[in-house]
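Shown next, in structure tokens, is the structure this report addresses.
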Amino acid sequence: MAVNPQSLFLALAGVHMLDDDRPLSGASIVFVMSRLGVGESAARSVLQRNAAKGFIVRRKQGRKTFYTLSERARGVLREGQEKMFSGWQPQNWDGRWTFVRVPVPESKRALRHQLSSRLSWAGFGQVEGGTWVAPGPHDVAGILGEARAELTPIAVYGAPQDPTTDQILLDAFDLDELAERYEAFGRKWATVGFESQASIDALGSWESLVRRVELHFDWLTLARTDPQLPAALLPEGWPGAVQGERFRELSTRLEQAESAAIEEFFAGLS
């Protein structure tokens with residue numbers, strides 16, 4: 001499994017640090033990340049960077065180091081958890097779209113990349129000509145954040161007019177590629193033998209803990225690129241719905257199986 005160390009840490013933090021106020025030991029974090037393909041030096045570097053930017057708070061207890069999430073980190077992870085588990089788009093969609101035009105000078109490429117990431121995460125796609133579109137109402141000012149002070153954005157909310165069609169706007173989203181990624185997720189987790197609680201229990205508590213982080217990492221990677229379009233705009237038999245159920249069921253089963261390891265996990269490995 002190819003992993004991005006920062007993304008893997010975010011998945012781990014969302015699973016084990018967001019809803020538990022207890023400090024988590026650095027040794028436990030490094031252990032799980034190592035089991036999922038991140039070397040010790042890379043894992044510790046991720047912890048150092050996140051502590052330096054105030055995403056996590058570090059404290060020493062004897063010879064061990066423990067970490068908790070900052071309030072800013074909790075807000076970021078709560079937002080991600082909402083998208084992963086419940087989705088953002090209203091399913092009783094009324095046919096209206098949000099249109100955003102944000103001219104960015106060529107000299108500000110970093111800002112352009114930042115805005116692209118923010119809009120994509122919020123469910124926008126880009127149509128030909130540089131206009132961003134997303135079904136339903138969106139807080140464009142909130143999405144752009146402080147960067148809007150440097151820009152002259154145009155945001156419009158309403159129904160497309162003839163000859164514009166929903167299909168033309170849907171071309172802003174590569175649903176074929178996303179569908180294949182959902183199918184790949186399903187193939188992977190259908191073949192690891194976790195289709196029953198008995199098979200998960202056979203893993204043991206520590207392996208279940210590691211696999212649950214891996215599951216959330218895989219799903220977070222998908223959630224980041226899914227605009228979560230209303231059902232009316234999705235093709236029949238959309239695999240995201242089926243795999244969403246698989247994700248939630250597996251997560252619950254693995255959480256039950258990992259319970260025996262949790263106390264030792266937070267106490268820190270000896």
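Quick note on naming: the chains in the structure tokens go A, B, ... in the order shown, residues restart at 1 in each chain, and ligands are numbered from 1 in order of appearance.
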
message: With DSSP run on the backbone, what are the alpha helix (DSSP H) residues within stretch 54-129 of chain A? I'd like them as number ranges by chain.
response: A: 71-85, 109-121

task: Within 9 Å of A:Gln256, counting only C-alpha atoms, which residues show up once you throw out same-chain ones fewer than 5 positions away? Write them as a ChimeraX atom specification, please.
output: /A:201,205,208,251

- prompt: Which of these residues is nearest to A:Ala13, using only C-alpha atoms: A:Arg246, A:Arg148, A:Arg212, A:Arg35?
  reply: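 Checking each of A:Arg246, A:Arg148, A:Arg212, A:Arg35 against A:Ala13, counting only C-alpha atoms, the winner is A:Arg212.
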
task: May I have all residues of stretch 17-183 of chain A that DSSP, computed from the backbone, assigns to strand (DSSP E), given as JSON, numbers by chain?
output: {"A": [24, 25, 56, 57, 58, 59, 60, 61, 64, 65, 66, 67, 68, 69, 97, 98, 99, 100, 101, 125, 126, 132, 133, 134, 135, 154, 155, 156, 157, 158]}

Stretch 165-168 of chain A environment, 9 Å, only C-alpha atoms, sequence neighbours closer than 6 positions dropped, as number ranges by chain: A: 95, 127, 233

Which neighbours of A:Thr221 fall inside 12 Å, counting only C-alpha atoms, when residues of the same chain fewer than 3 positions from it are skipped, and could you give them as a PDB file with C-alpha atoms, in the first residue's frame?
ATOM      1  CA  ALA A   2       1.496   3.335  -1.106  1.00  0.00           C
ATOM      2  CA  VAL A   3       0.860   5.920   1.588  1.00  0.00           C
ATOM      3  CA  ASN A   4       1.467   9.583   2.174  1.00  0.00           C
ATOM      4  CA  GLN A   6       0.910  13.103   6.494  1.00  0.00           C
ATOM      5  CA  SER A   7      -2.377  11.688   5.185  1.00  0.00           C
ATOM      6  CA  LEU A   8      -1.856   8.483   7.137  1.00  0.00           C
ATOM      7  CA  LEU A  10      -4.462  12.452   9.707  1.00  0.00           C
ATOM      8  CA  ALA A  11      -6.380   9.194   9.327  1.00  0.00           C
ATOM      9  CA  GLY A  80     -13.147  15.711   7.340  1.00  0.00           C
ATOM     10  CA  LYS A  83     -17.537  14.440   4.782  1.00  0.00           C
ATOM     11  CA  MET A  84     -16.305  10.852   5.278  1.00  0.00           C
ATOM     12  CA  TRP A 121     -12.505  19.709  -1.135  1.00  0.00           C
ATOM     13  CA  LEU A 178     -14.059   8.206  -9.264  1.00  0.00           C
ATOM     14  CA  ARG A 181     -11.588   4.182  -7.482  1.00  0.00           C
ATOM     15  CA  TYR A 182     -14.627   3.172  -5.461  1.00  0.00           C
ATOM     16  CA  PHE A 185     -11.658   0.129  -2.765  1.00  0.00           C
ATOM     17  CA  GLU A 214      -5.640   1.670   7.013  1.00  0.00           C
ATOM     18  CA  LEU A 215      -9.353   1.473   6.193  1.00  0.00           C
ATOM     19  CA  HIS A 216      -9.884   5.098   7.212  1.00  0.00           C
ATOM     20  CA  PHE A 217      -6.810   6.189   5.271  1.00  0.00           C
ATOM     21  CA  ASP A 218      -8.195   4.538   2.122  1.00  0.00           C
ATOM     22  CA  ARG A 224     -11.024  14.075  -0.611  1.00  0.00           C
ATOM     23  CA  THR A 225     -11.808  13.746  -4.326  1.00  0.00           C
ATOM     24  CA  ASP A 226     -15.523  12.949  -4.158  1.00  0.00           C
TER      25      ASP A 226
END

Counting only C-alpha atoms, the option among A:Ala51, A:Pro227, A:Ile29, A:Ile154 closest to A:Leu119: A:Pro227

task: Write out as a list in words which residues come within 10 Å of stretch 18-22 of chain A when counting only C-alpha atoms, dropping same-chain ones fewer than 5 positions away.
output: Leu12, Ala13, Phe66, Tyr67, Thr68, Leu69, Ser70, Ala73, Arg74, Gly75, Leu77, Arg78, Gln81, Phe266 and Ala267 of chain A

Hey, what's within 12 Å of A:Ser117 if we count only C-alpha atoms and toss same-chain stuff fewer than 5 positions away? As a compact mmCIF listing (two decimals) with N, CA and C atoms, in the first residue's frame, please?
# COMPACT_ATOMS: atom_id res chain seq x y z
N ALA A 110 1.14 29.60 -6.07
CA ALA A 110 0.87 28.93 -4.80
C ALA A 110 -0.56 29.21 -4.33
N LEU A 111 -0.98 30.46 -4.52
CA LEU A 111 -2.35 30.83 -4.14
C LEU A 111 -3.35 30.11 -5.02
N ARG A 112 -3.05 29.99 -6.29
CA ARG A 112 -3.95 29.28 -7.21
C ARG A 112 -4.12 27.83 -6.79
N ALA A 122 -14.40 21.24 -1.18
CA ALA A 122 -15.77 21.67 -0.89
C ALA A 122 -16.78 21.11 -1.88
N GLY A 123 -16.31 20.37 -2.90
CA GLY A 123 -17.23 19.73 -3.83
C GLY A 123 -17.38 20.42 -5.16
N PHE A 124 -16.48 21.36 -5.48
CA PHE A 124 -16.55 22.07 -6.75
C PHE A 124 -15.73 21.35 -7.82
N GLY A 125 -16.19 21.47 -9.05
CA GLY A 125 -15.44 21.03 -10.21
C GLY A 125 -15.25 22.22 -11.14
N GLN A 126 -14.27 22.11 -12.02
CA GLN A 126 -13.94 23.23 -12.89
C GLN A 126 -14.36 22.94 -14.32
N TRP A 132 -15.72 27.54 -11.58
CA TRP A 132 -15.95 26.42 -10.69
C TRP A 132 -17.45 26.29 -10.42
N ILE A 143 -15.10 29.30 2.17
CA ILE A 143 -14.20 28.37 1.47
C ILE A 143 -12.91 29.08 1.07
N LEU A 144 -13.02 30.29 0.56
CA LEU A 144 -11.83 31.03 0.13
C LEU A 144 -11.00 31.50 1.31
N ARG A 224 -11.64 12.81 -0.22
CA ARG A 224 -11.02 14.07 -0.61
C ARG A 224 -11.37 14.46 -2.05
N THR A 225 -11.59 13.47 -2.90
CA THR A 225 -11.81 13.75 -4.33
C THR A 225 -13.26 13.56 -4.74

message: Considering only C-alpha atoms, can you say which of A:Leu36, A:Leu209, A:Val156, A:Ile200 comes closest to A:Ala261?
response: A:Leu209

field: Best match for closeness to A:Asp176 among A:Pro153, A:Pro163, A:Gly129, A:Pro239, counting only C-alpha atoms
entry: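 Going through A:Pro153, A:Pro163, A:Gly129, A:Pro239 one by one, the smallest distance to A:Asp176 is for A:Pro239.
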